[in-house]
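Following: one structure in structure tokens, then a few remarks.
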Amino acid sequence: MQWTSLNDLREKYLSFFESKGHLRLESFPLVPKGDKSLLLINSGMAPMKKYFTGEVTPPKTRVTTCQKCIRTPDLERVGHTARHGTYFEMLGNFSFGDYFKHEAIAWAWEFLTKVLEIPSDLLWPSVYEEDDEAYAIWRDEIGVREDHIVRLGKEDNFWEHGTGPCGPCSEIYFDRGEKYGCGKADCRPGCDCDRYMEIWNNVFSQFNNMGDGTYTELEHKNIDTGMGLERLACVMQGVDNMFEVDSIKNTLNEVCRISGKAYGADESTDISIRAITDHARAATFMISDGIIPSNEGRGYVLRRLLRRAARHGRLLGINDRFLTVIADSVIAENKAGYPEIFEKREIIKKVILSEEESFAKTIDQGLGILNDLMKSGGTLSGEDAFKLYDTYGFPLDLTKDILSEHGMDVDEEGFNALMLKQRELARSSRKAEDGESWSSNDLSFEGIAKTDFLGYTVDACEAKILDIVSGGEHVSSAQDENVTVVLDKTAFYAESGGQVADTGKIIAQDAEICVSDVKKNSSGIFMHTGKLSGKIAVGDSVRAEIDVQRRNEIRANHTAAHLLQAALRETLGNHVEQAGQLVNEKELRFDFTHFSALTAEEIAKVENRVNGVILSGIEVLSREMPIEEAKKLGAMALFGEKYGDVVRVVSAGDFSVEFCGGTHVDNAAKIGLFKITSETGIAAGVRRITAVTGAGFLKLFGEYEVLIKETADALKCSFFDVAQKAESTAAAVKESQKQLDALSARIAAGKADSVLDNAAKIGDIRVATAAFDNTGADELRKMADSLRDKNDDIVLVLAAKGGDKITFVAAASKKAVEAGVHAGNLVRSVAEMTGGKGGGKPDMAMAGGKDVSKLAGALESVKNTVEQMIKK
């Protein structure tokens, strides 16, 4: 048993199972594909659920992976113990109806005892208490002594999540030694002490949970193996926890270097060091897979991790931005197993820095407010916690962290109620572990082959109806109703990759379907939905014809989106990555990673670059090729997407080369012209450009032309003089406004001169009120300013009536303020008497009133209110 690095352990495991006929698959992205029940991938089997259920055919019946995983239910515990972490890797070997218990158990034992050379007497298998078959394999075939095999109950050794495939487990425990034990004579696997650590779990998926307490035998039995890579590394490196494993320890050491703190010297600093180490690892991989910080869903999980790490940095005395340096360490330690994080290092660091800077702008103010709120002790209200979240960017768990350090808690129910009210659905509260159910939203098309898509090369094709769905049910025929039909082949593109589906017609002998939408399920079956006129039946021959003009407009917009991305990367930098896309016949909408609004010059540069490529008439090629060949061409992959061995590559010369399954023009000139219509921010670090091409450009150009003509007519000038005429008209309006303001000031001064004629005297202070008709708020304020500036002993309340509303202005000179007068409190008192509200500073304040009939009484109260203020 030799010390082995984490990266070497990963490779040893995958290579071993390749030697056993398994197909090595790269880790699936952390973002689940086609699984809305799951927020983030949280286990090795999670991205392969549809292989197990048979909904999707696996690439091979034997598969092995090392899967990136994120779990966050115990986020507030991360750092406080050395056991908890959010990011981890799961080694797995899977059988989809191929081998079963005999092979799975034998290979597990072979890998641990022969490849890793772990002494067999340190390994203890466990089996489900009723699984005599597995027990016999361990005893009779592997040769493990009976006193080293443990039977455990359903809670420990039977895997199931609701209805669907399930089965007994057989785990392998490593004996860490007596020093970790409880000292009991019967201490063995299943004991609550730390002596025996589970390192391998074989799940024998052999039953189907019917949901009524009964189980049926599966026709095709499966193997799902899970083994935590970090846990195995602890065994092979002789360390107590994941933070002491080589690659993770190197990142932890970088935290220590930046903070100047020594790990193990103080428990409070150790908490922060561990939290930063873990969160930096999780954030780096999440961003690499296309997740961007936001206020909901998986983006909110990322935001919580980064902000929690940033706050722990402050606790360590790190005041500068530092998380990108930690990310560099994470990338360096993991690029051997995951080269994509090195390829994406620029965008990873830009996203982290942007979020760190965004949080830095509000954290001090937020901490100050929270410190004030904590002075009263007890429980922080949900309203206050929500304000910290909504205004200052404090995730709830960060607030809880800080409160717990001071022996306080928070009203989470109140906080969650406000989250629900604001968003209708608090997606940030979803638990990742709820996602391991076997449910699927796909309509079942059992026994139907994958649809043959011909739409890359033809606009119409002959086909046969394989299935008809009406009212959610499979039917053999249908007549004059809305239907969904499946064909053996089609020219219709199904909505995918941000490109909308084709529309058109499916024509039968005596019927026609006006197709309005096409979807593709996870098995590659195209479902054509539309209004049926006439009668059709399964087996009928039909002709599938798309709307060619619409398809051509979609093609132009999709190719333009590729050119746009290339131009953005050329203009702004290689951190630009696609973050979303919508391509239809009217426009293209392209979301991308960038951290500031584009300037007018940048927009013009991008626009001109795209149009330059279009006008060059460059050929656009769409080709299928092995993924490694595509990578050699420099083809851009969609951020966070996973691809098969063969990919489709769309290239416009050397300017743009991308992986893409959409439809495109064959020459850039067919796009026509390109015009950006808007550029906006849609989330932190994500911008959106909307643009038009071809017919859409001509439509926009026509609208601009009409607008300019109408403007010219209104300004009474020629089409080409509009800008000059508008400029001169604006200057004239500005001069008129200047003269009007001067006149208003003279009128206000005139009115102001009479205000003090009937002022009351309270000691050394004069108190005056007045009401005016047809006087604006600005004029009223100017009157108050003028009087206060000229007189150092006055208090004023002026009112202006306008319809059924009142505007109040209160002013107090410096001498009056020193005497105890507060203009804000005074005007609030007056406004409340008329059904209004307001307030402001001690020397100047404004308010509004609603009941004009009570204005006189409100003004009469001013003298008495001022007297009370001065007496205090």
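By order of appearance in the structure tokens: chains A, B, ..., then residues from 1 within every chain, and ligands from 1 in the order shown.
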
Do a neighbour search on Arg321 in chain A at 12 Å with only C-alpha atoms, toss out local chain neighbours closer than 5 positions, and write the hits as an MDAnalysis selection string. chainID A and resid 258:259 306:307 309:311 313:314 326:327 349:350 352:361

Contact check, range 507-563 of chain A to range 592-609 of chain A, at most 12 Å, counting only C-alpha atoms, closest pairs as a tab-separated table:
residue	atom	partner	partner_atom	distance
A:Ala560	CA	A:Glu607	CA	10.6
A:Ala561	CA	A:Phe592	CA	11.1
A:His562	CA	A:Phe592	CA	12.0
A:Leu563	CA	A:Arg609	CA	8.7

Non-local contacts of range 185-197 of chain A (12 Å; only C-alpha atoms; under 2 positions in same chain excluded) as a PyMOL selection string: chain A and resi 83+122-128+147-153+155-157+170-183+199-201+227-228+231-232+234-235+240-241

Written selection (N, CA and C atoms) as a compact mmCIF listing (two decimals), in the first residue's frame:
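And here is the file that came out, out34.txt:
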# COMPACT_ATOMS: atom_id res chain seq x y z
N ARG A 83 -14.98 17.38 7.91
CA ARG A 83 -15.69 16.35 7.17
C ARG A 83 -16.56 16.92 6.05
N LEU A 122 -7.54 -5.31 6.35
CA LEU A 122 -8.04 -3.99 6.74
C LEU A 122 -9.37 -3.65 6.06
N LEU A 123 -9.85 -4.56 5.23
CA LEU A 123 -11.09 -4.32 4.48
C LEU A 123 -12.21 -5.20 5.00
N TRP A 124 -13.38 -4.59 5.22
CA TRP A 124 -14.55 -5.28 5.75
C TRP A 124 -15.73 -5.07 4.81
N PRO A 125 -16.20 -6.11 4.11
CA PRO A 125 -17.41 -5.95 3.30
C PRO A 125 -18.67 -5.98 4.17
N SER A 126 -19.68 -5.25 3.72
CA SER A 126 -20.99 -5.35 4.35
C SER A 126 -21.99 -5.72 3.26
N VAL A 127 -23.07 -6.42 3.65
CA VAL A 127 -24.13 -6.78 2.71
C VAL A 127 -25.48 -6.50 3.37
N TYR A 128 -26.51 -6.39 2.53
CA TYR A 128 -27.87 -6.24 3.05
C TYR A 128 -28.23 -7.52 3.77
N ASP A 147 -16.09 -13.64 9.81
CA ASP A 147 -16.06 -12.64 10.88
C ASP A 147 -15.66 -11.26 10.37
N HIS A 148 -15.37 -11.17 9.04
CA HIS A 148 -15.06 -9.87 8.42
C HIS A 148 -16.17 -9.41 7.48
N ILE A 149 -17.28 -10.15 7.42
CA ILE A 149 -18.43 -9.76 6.59
C ILE A 149 -19.58 -9.38 7.52
N VAL A 150 -20.15 -8.22 7.30
CA VAL A 150 -21.18 -7.69 8.20
C VAL A 150 -22.51 -7.57 7.46
N ARG A 151 -23.57 -8.08 8.09
CA ARG A 151 -24.92 -7.89 7.55
C ARG A 151 -25.54 -6.65 8.21
N LEU A 152 -26.05 -5.74 7.38
CA LEU A 152 -26.68 -4.52 7.89
C LEU A 152 -28.09 -4.40 7.34
N GLY A 153 -28.90 -3.60 8.03
CA GLY A 153 -30.31 -3.49 7.68
C GLY A 153 -30.60 -2.59 6.49
N GLU A 155 -31.81 0.38 6.24
CA GLU A 155 -31.41 1.78 6.34
C GLU A 155 -29.98 1.99 5.84
N ASP A 156 -29.11 1.03 6.09
CA ASP A 156 -27.71 1.16 5.70
C ASP A 156 -27.39 0.55 4.34
N ASN A 157 -28.03 -0.55 4.02
CA ASN A 157 -27.58 -1.33 2.86
C ASN A 157 -28.68 -1.68 1.87
N SER A 170 -23.71 -3.49 -1.29
CA SER A 170 -22.60 -4.14 -0.60
C SER A 170 -21.47 -3.12 -0.52
N GLU A 171 -21.16 -2.70 0.69
CA GLU A 171 -20.14 -1.68 0.89
C GLU A 171 -18.84 -2.32 1.36
N ILE A 172 -17.75 -1.59 1.13
CA ILE A 172 -16.45 -2.04 1.63
C ILE A 172 -15.92 -0.96 2.57
N TYR A 173 -15.58 -1.36 3.79
CA TYR A 173 -15.08 -0.44 4.81
C TYR A 173 -13.58 -0.65 5.00
N PHE A 174 -12.90 0.45 5.33
CA PHE A 174 -11.46 0.40 5.64
C PHE A 174 -11.29 0.61 7.14
N ASP A 175 -10.53 -0.27 7.73
CA ASP A 175 -10.26 -0.20 9.17
C ASP A 175 -9.11 0.78 9.41
N ARG A 176 -9.42 1.93 10.01
CA ARG A 176 -8.42 2.98 10.23
C ARG A 176 -7.56 2.71 11.47
N GLY A 177 -7.97 1.76 12.29
CA GLY A 177 -7.17 1.43 13.47
C GLY A 177 -7.88 1.74 14.77
N GLU A 178 -7.38 1.13 15.83
CA GLU A 178 -8.03 1.25 17.14
C GLU A 178 -8.08 2.68 17.66
N LYS A 179 -7.09 3.51 17.28
CA LYS A 179 -7.06 4.88 17.84
C LYS A 179 -8.27 5.69 17.40
N TYR A 180 -8.95 5.27 16.34
CA TYR A 180 -10.14 5.98 15.87
C TYR A 180 -11.42 5.34 16.42
N GLY A 181 -11.28 4.25 17.16
CA GLY A 181 -12.45 3.49 17.59
C GLY A 181 -13.03 3.94 18.90
N CYS A 182 -14.09 3.23 19.29
CA CYS A 182 -14.82 3.55 20.52
C CYS A 182 -14.37 2.67 21.68
N GLY A 183 -13.57 1.63 21.38
CA GLY A 183 -13.08 0.76 22.44
C GLY A 183 -14.01 -0.39 22.79
N ILE A 199 -15.51 3.07 1.90
CA ILE A 199 -14.79 3.62 0.75
C ILE A 199 -15.37 3.14 -0.58
N TRP A 200 -16.22 2.12 -0.57
CA TRP A 200 -16.76 1.58 -1.83
C TRP A 200 -18.20 1.16 -1.60
N ASN A 201 -19.06 1.49 -2.54
CA ASN A 201 -20.46 1.09 -2.41
C ASN A 201 -20.96 0.52 -3.74
N MET A 227 -17.74 5.59 -5.30
CA MET A 227 -16.61 5.65 -4.37
C MET A 227 -16.07 7.08 -4.38
N GLY A 228 -16.08 7.73 -3.23
CA GLY A 228 -15.57 9.09 -3.14
C GLY A 228 -14.06 9.12 -3.37
N ARG A 231 -12.14 10.51 -0.39
CA ARG A 231 -12.12 9.58 0.74
C ARG A 231 -11.09 8.47 0.51
N LEU A 232 -11.04 7.97 -0.73
CA LEU A 232 -10.05 6.95 -1.04
C LEU A 232 -8.64 7.52 -0.90
N CYS A 234 -7.69 9.76 1.16
CA CYS A 234 -7.36 9.82 2.60
C CYS A 234 -6.74 8.50 3.05
N VAL A 235 -7.31 7.40 2.57
CA VAL A 235 -6.79 6.07 2.92
C VAL A 235 -5.39 5.89 2.36
N ASP A 240 -6.27 12.24 7.78
CA ASP A 240 -7.54 12.14 8.49
C ASP A 240 -8.74 12.68 7.72
N ASN A 241 -8.52 13.65 6.83
CA ASN A 241 -9.67 14.27 6.17
C ASN A 241 -9.26 14.83 4.81

Strand (DSSP E or B) positions in range 215-352 of chain A, given as a list of chain:residue names: A:Tyr215, A:Thr216, A:Glu217, A:Leu218, A:Glu219, A:His220, A:Lys221, A:Asn222, A:Ile223, A:Asp224, A:Thr225, A:Gly226, A:Met227, A:Gly228

Given the selection you just returned, output its residues as a file containing N, CA, C and O atoms, formatted as a PDB file, in the first residue's frame.
ATOM      1  N   TYR A 215     -42.210  -5.118  -4.375  1.00  0.00           N
ATOM      2  CA  TYR A 215     -41.068  -5.028  -5.281  1.00  0.00           C
ATOM      3  C   TYR A 215     -41.173  -6.126  -6.328  1.00  0.00           C
ATOM      4  O   TYR A 215     -41.559  -7.257  -6.017  1.00  0.00           O
ATOM      5  N   THR A 216     -40.841  -5.794  -7.578  1.00  0.00           N
ATOM      6  CA  THR A 216     -40.783  -6.792  -8.634  1.00  0.00           C
ATOM      7  C   THR A 216     -39.349  -6.899  -9.132  1.00  0.00           C
ATOM      8  O   THR A 216     -38.578  -5.938  -9.051  1.00  0.00           O
ATOM      9  N   GLU A 217     -38.999  -8.059  -9.647  1.00  0.00           N
ATOM     10  CA  GLU A 217     -37.649  -8.291 -10.143  1.00  0.00           C
ATOM     11  C   GLU A 217     -37.465  -7.579 -11.485  1.00  0.00           C
ATOM     12  O   GLU A 217     -38.330  -7.651 -12.366  1.00  0.00           O
ATOM     13  N   LEU A 218     -36.346  -6.870 -11.650  1.00  0.00           N
ATOM     14  CA  LEU A 218     -36.051  -6.212 -12.923  1.00  0.00           C
ATOM     15  C   LEU A 218     -35.587  -7.245 -13.942  1.00  0.00           C
ATOM     16  O   LEU A 218     -34.825  -8.156 -13.619  1.00  0.00           O
ATOM     17  N   GLU A 219     -36.058  -7.083 -15.182  1.00  0.00           N
ATOM     18  CA  GLU A 219     -35.622  -7.981 -16.246  1.00  0.00           C
ATOM     19  C   GLU A 219     -34.137  -7.786 -16.539  1.00  0.00           C
ATOM     20  O   GLU A 219     -33.397  -8.753 -16.730  1.00  0.00           O
ATOM     21  N   HIS A 220     -33.708  -6.510 -16.582  1.00  0.00           N
ATOM     22  CA  HIS A 220     -32.295  -6.202 -16.819  1.00  0.00           C
ATOM     23  C   HIS A 220     -31.715  -5.579 -15.551  1.00  0.00           C
ATOM     24  O   HIS A 220     -32.083  -4.461 -15.179  1.00  0.00           O
ATOM     25  N   LYS A 221     -30.823  -6.293 -14.911  1.00  0.00           N
ATOM     26  CA  LYS A 221     -30.263  -5.822 -13.647  1.00  0.00           C
ATOM     27  C   LYS A 221     -29.034  -4.944 -13.911  1.00  0.00           C
ATOM     28  O   LYS A 221     -28.288  -5.158 -14.871  1.00  0.00           O
ATOM     29  N   ASN A 222     -28.832  -3.966 -13.033  1.00  0.00           N
ATOM     30  CA  ASN A 222     -27.782  -2.966 -13.242  1.00  0.00           C
ATOM     31  C   ASN A 222     -26.841  -2.897 -12.048  1.00  0.00           C
ATOM     32  O   ASN A 222     -27.198  -3.278 -10.937  1.00  0.00           O
ATOM     33  N   ILE A 223     -25.666  -2.350 -12.305  1.00  0.00           N
ATOM     34  CA  ILE A 223     -24.694  -2.075 -11.241  1.00  0.00           C
ATOM     35  C   ILE A 223     -24.414  -0.578 -11.215  1.00  0.00           C
ATOM     36  O   ILE A 223     -24.141   0.038 -12.246  1.00  0.00           O
ATOM     37  N   ASP A 224     -24.499  -0.008 -10.033  1.00  0.00           N
ATOM     38  CA  ASP A 224     -24.159   1.413  -9.817  1.00  0.00           C
ATOM     39  C   ASP A 224     -23.151   1.460  -8.685  1.00  0.00           C
ATOM     40  O   ASP A 224     -23.492   1.223  -7.529  1.00  0.00           O
ATOM     41  N   THR A 225     -21.898   1.723  -9.023  1.00  0.00           N
ATOM     42  CA  THR A 225     -20.837   1.781  -8.016  1.00  0.00           C
ATOM     43  C   THR A 225     -20.489   3.224  -7.710  1.00  0.00           C
ATOM     44  O   THR A 225     -20.318   4.032  -8.628  1.00  0.00           O
ATOM     45  N   GLY A 226     -20.362   3.534  -6.447  1.00  0.00           N
ATOM     46  CA  GLY A 226     -19.928   4.865  -6.052  1.00  0.00           C
ATOM     47  C   GLY A 226     -18.783   4.795  -5.057  1.00  0.00           C
ATOM     48  O   GLY A 226     -18.821   4.012  -4.102  1.00  0.00           O
ATOM     49  N   MET A 227     -17.739   5.589  -5.297  1.00  0.00           N
ATOM     50  CA  MET A 227     -16.612   5.652  -4.369  1.00  0.00           C
ATOM     51  C   MET A 227     -16.065   7.080  -4.383  1.00  0.00           C
ATOM     52  O   MET A 227     -15.670   7.600  -5.430  1.00  0.00           O
ATOM     53  N   GLY A 228     -16.082   7.727  -3.234  1.00  0.00           N
ATOM     54  CA  GLY A 228     -15.568   9.092  -3.143  1.00  0.00           C
ATOM     55  C   GLY A 228     -14.061   9.121  -3.367  1.00  0.00           C
ATOM     56  O   GLY A 228     -13.315   8.460  -2.642  1.00  0.00           O
TER      57      GLY A 228
END

Please provide the set of residues having any atom within 12 Å of Lys841 in chain A, restricted to only C-alpha atoms, with same-chain residues fewer than 4 positions apart removed, written as an NGL selection string. :A and (809-813 or 817 or 821-828 or 845-847)

How about saving the chosen residues, all heavy atoms kept, as a short mmCIF file (atom, residue, chain, number, x, y, z; two decimals), in the first residue's frame?
data_model
loop_
_atom_site.label_atom_id
_atom_site.label_comp_id
_atom_site.auth_asym_id
_atom_site.auth_seq_id
_atom_site.Cartn_x
_atom_site.Cartn_y
_atom_site.Cartn_z
N VAL A 809 -43.46 72.79 1.92
CA VAL A 809 -42.03 72.98 2.12
C VAL A 809 -41.84 73.64 3.48
O VAL A 809 -42.51 74.64 3.77
CB VAL A 809 -41.39 73.85 1.03
CG1 VAL A 809 -39.93 74.13 1.38
CG2 VAL A 809 -41.47 73.19 -0.32
N ALA A 810 -40.95 73.06 4.29
CA ALA A 810 -40.62 73.67 5.57
C ALA A 810 -39.14 74.03 5.57
O ALA A 810 -38.32 73.26 5.06
CB ALA A 810 -40.94 72.72 6.73
N ALA A 811 -38.81 75.20 6.12
CA ALA A 811 -37.41 75.63 6.20
C ALA A 811 -37.16 76.25 7.57
O ALA A 811 -38.03 76.91 8.14
CB ALA A 811 -37.09 76.61 5.09
N ALA A 812 -35.95 76.04 8.08
CA ALA A 812 -35.58 76.62 9.38
C ALA A 812 -34.16 77.16 9.27
O ALA A 812 -33.26 76.49 8.76
CB ALA A 812 -35.65 75.55 10.48
N SER A 813 -33.97 78.39 9.73
CA SER A 813 -32.65 79.00 9.69
C SER A 813 -31.74 78.31 10.70
O SER A 813 -32.21 77.54 11.56
CB SER A 813 -32.74 80.50 10.00
OG SER A 813 -33.19 80.67 11.34
N VAL A 817 -32.78 76.17 14.09
CA VAL A 817 -32.39 74.78 14.31
C VAL A 817 -31.69 74.64 15.64
O VAL A 817 -31.94 73.71 16.41
CB VAL A 817 -31.49 74.28 13.16
CG1 VAL A 817 -30.93 72.89 13.48
CG2 VAL A 817 -32.27 74.23 11.84
N VAL A 821 -35.74 73.63 16.57
CA VAL A 821 -36.68 73.40 15.48
C VAL A 821 -36.11 72.36 14.51
O VAL A 821 -34.93 72.41 14.17
CB VAL A 821 -36.99 74.72 14.73
CG1 VAL A 821 -37.92 74.44 13.54
CG2 VAL A 821 -37.61 75.73 15.67
N HIS A 822 -36.97 71.45 14.05
CA HIS A 822 -36.58 70.43 13.07
C HIS A 822 -37.59 70.49 11.93
O HIS A 822 -38.75 70.08 12.07
CB HIS A 822 -36.60 69.04 13.71
CG HIS A 822 -35.96 67.97 12.86
ND1 HIS A 822 -36.51 67.53 11.69
CD2 HIS A 822 -34.80 67.25 13.03
CE1 HIS A 822 -35.75 66.59 11.16
NE2 HIS A 822 -34.69 66.40 11.96
N ALA A 823 -37.14 70.99 10.78
CA ALA A 823 -38.05 71.20 9.64
C ALA A 823 -38.70 69.89 9.20
O ALA A 823 -39.88 69.88 8.82
CB ALA A 823 -37.28 71.83 8.49
N GLY A 824 -37.94 68.78 9.23
CA GLY A 824 -38.48 67.50 8.80
C GLY A 824 -39.63 67.06 9.67
O GLY A 824 -40.67 66.61 9.16
N ASN A 825 -39.49 67.15 10.98
CA ASN A 825 -40.56 66.76 11.88
C ASN A 825 -41.75 67.72 11.79
O ASN A 825 -42.91 67.31 11.90
CB ASN A 825 -40.04 66.72 13.32
CG ASN A 825 -38.99 65.64 13.52
OD1 ASN A 825 -38.91 64.69 12.74
ND2 ASN A 825 -38.15 65.79 14.55
N LEU A 826 -41.44 69.00 11.57
CA LEU A 826 -42.49 70.01 11.47
C LEU A 826 -43.37 69.76 10.24
O LEU A 826 -44.60 69.75 10.33
CB LEU A 826 -41.86 71.40 11.39
CG LEU A 826 -42.82 72.59 11.16
CD1 LEU A 826 -43.85 72.68 12.29
CD2 LEU A 826 -42.03 73.89 11.06
N VAL A 827 -42.74 69.56 9.08
CA VAL A 827 -43.53 69.37 7.87
C VAL A 827 -44.29 68.04 7.90
O VAL A 827 -45.39 67.93 7.35
CB VAL A 827 -42.62 69.46 6.62
CG1 VAL A 827 -41.86 68.16 6.38
CG2 VAL A 827 -43.43 69.83 5.38
N ARG A 828 -43.73 67.02 8.58
CA ARG A 828 -44.44 65.75 8.71
C ARG A 828 -45.73 65.95 9.51
O ARG A 828 -46.79 65.41 9.15
CB ARG A 828 -43.55 64.72 9.41
CG ARG A 828 -44.21 63.34 9.53
CD ARG A 828 -43.34 62.33 10.28
NE ARG A 828 -42.07 62.11 9.61
CZ ARG A 828 -40.91 62.49 10.09
NH1 ARG A 828 -40.85 63.12 11.27
NH2 ARG A 828 -39.80 62.26 9.44
N ALA A 845 -37.19 70.57 4.41
CA ALA A 845 -37.92 69.32 4.21
C ALA A 845 -39.16 69.58 3.37
O ALA A 845 -39.66 70.70 3.30
CB ALA A 845 -38.31 68.71 5.56
N MET A 846 -39.65 68.50 2.74
CA MET A 846 -40.84 68.59 1.91
C MET A 846 -41.80 67.46 2.25
O MET A 846 -41.41 66.42 2.78
CB MET A 846 -40.48 68.53 0.42
CG MET A 846 -39.61 69.66 -0.06
SD MET A 846 -39.40 69.68 -1.86
CE MET A 846 -41.04 70.22 -2.38
N ALA A 847 -43.08 67.68 1.92
CA ALA A 847 -44.11 66.67 2.19
C ALA A 847 -45.27 66.89 1.24
O ALA A 847 -45.36 67.91 0.55
CB ALA A 847 -44.56 66.73 3.64
#

List every residue of range 397-552 of chain A that DSSP, applied to the backbone of this structure, assigns to alpha helix (DSSP H), and report them as a list of chain:residue names.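 The residues of range 397-552 of chain A classed as alpha helix (DSSP H) are A:Asp397, A:Leu398, A:Thr399, A:Lys400, A:Asp401, A:Ile402, A:Leu403, A:Ser404, A:Glu412, A:Glu413, A:Gly414, A:Phe415, A:Asn416, A:Ala417, A:Leu418, A:Met419, A:Leu420, A:Lys421, A:Gln422, A:Arg423, A:Val548, A:Gln549, A:Arg550, A:Arg551, A:Asn552.
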
So, with only C-alpha atoms as the atoms that count, which of A:Ile536, A:Ser247, A:Asp459, A:Gly530 lies closest to Val483 in chain A?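 Nearest candidate to Val483 in chain A out of A:Ile536, A:Ser247, A:Asp459, A:Gly530: A:Gly530.
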
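With only C-alpha atoms as the atoms that count, the minimum distance from Val538 in chain A to the choices A:Ala731, A:Asp467, A:Ala508, A:Asn521 is reached by A:Asp467.
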
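Counting only C-alpha atoms and comparing A:Gln565, A:Ser470, A:Gln549, A:Thr284, the residue that lies closest to Thr484 in chain A is A:Ser470.
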
Surrounding residues of Lys387 in chain A excluding itself and chain neighbours under 6 positions, 12 Å, only C-alpha atoms, as an NGL selection string: :A and (366 or 369-370 or 373 or 380-381 or 393-396 or 399 or 414-415 or 418-419)

Shell around Leu487 in chain A at 6 Å using only C-alpha atoms, local window under 2 positions removed, as a PyMOL selection string: chain A and resi 464-466+489

Could you turn the residues from that selection into a file that holds N, CA, C and O atoms, as an mmCIF file, in the first residue's frame?
data_model
loop_
_atom_site.group_PDB
_atom_site.id
_atom_site.type_symbol
_atom_site.label_atom_id
_atom_site.label_comp_id
_atom_site.auth_asym_id
_atom_site.auth_seq_id
_atom_site.Cartn_x
_atom_site.Cartn_y
_atom_site.Cartn_z
ATOM 1 N N LYS A 464 -43.217 8.151 -43.098
ATOM 2 C CA LYS A 464 -44.319 7.293 -42.659
ATOM 3 C C LYS A 464 -44.662 7.635 -41.213
ATOM 4 O O LYS A 464 -43.773 7.904 -40.394
ATOM 5 N N ILE A 465 -45.959 7.660 -40.890
ATOM 6 C CA ILE A 465 -46.408 7.952 -39.519
ATOM 7 C C ILE A 465 -46.182 6.722 -38.644
ATOM 8 O O ILE A 465 -46.710 5.637 -38.929
ATOM 9 N N LEU A 466 -45.392 6.889 -37.570
ATOM 10 C CA LEU A 466 -45.110 5.791 -36.641
ATOM 11 C C LEU A 466 -45.997 5.835 -35.402
ATOM 12 O O LEU A 466 -46.251 4.804 -34.778
ATOM 13 N N LYS A 489 -38.868 9.605 -40.588
ATOM 14 C CA LYS A 489 -37.859 10.578 -41.002
ATOM 15 C C LYS A 489 -38.528 11.923 -41.164
ATOM 16 O O LYS A 489 -39.748 12.009 -41.345
#

In Å to one decimal, how far is CA of Lys450 in chain A from CA of Ile506 in chain A?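 Going from CA of Ile506 in chain A over to CA of Lys450 in chain A, I get 18.6 Å.
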
Give me, as a tab-separated table, each residue of range 31-134 of chain A that comes within 12 Å of range 618-640 of chain A, together with its shortest interatomic pair and the distance in Å at one decimal, counting only C-alpha atoms, with rows ordered by chain and rising residue number.
residue	atom	partner	partner_atom	distance
A:Val31	CA	A:Gly640	CA	7.6
A:Pro32	CA	A:Gly640	CA	10.3
A:Lys33	CA	A:Gly640	CA	10.4
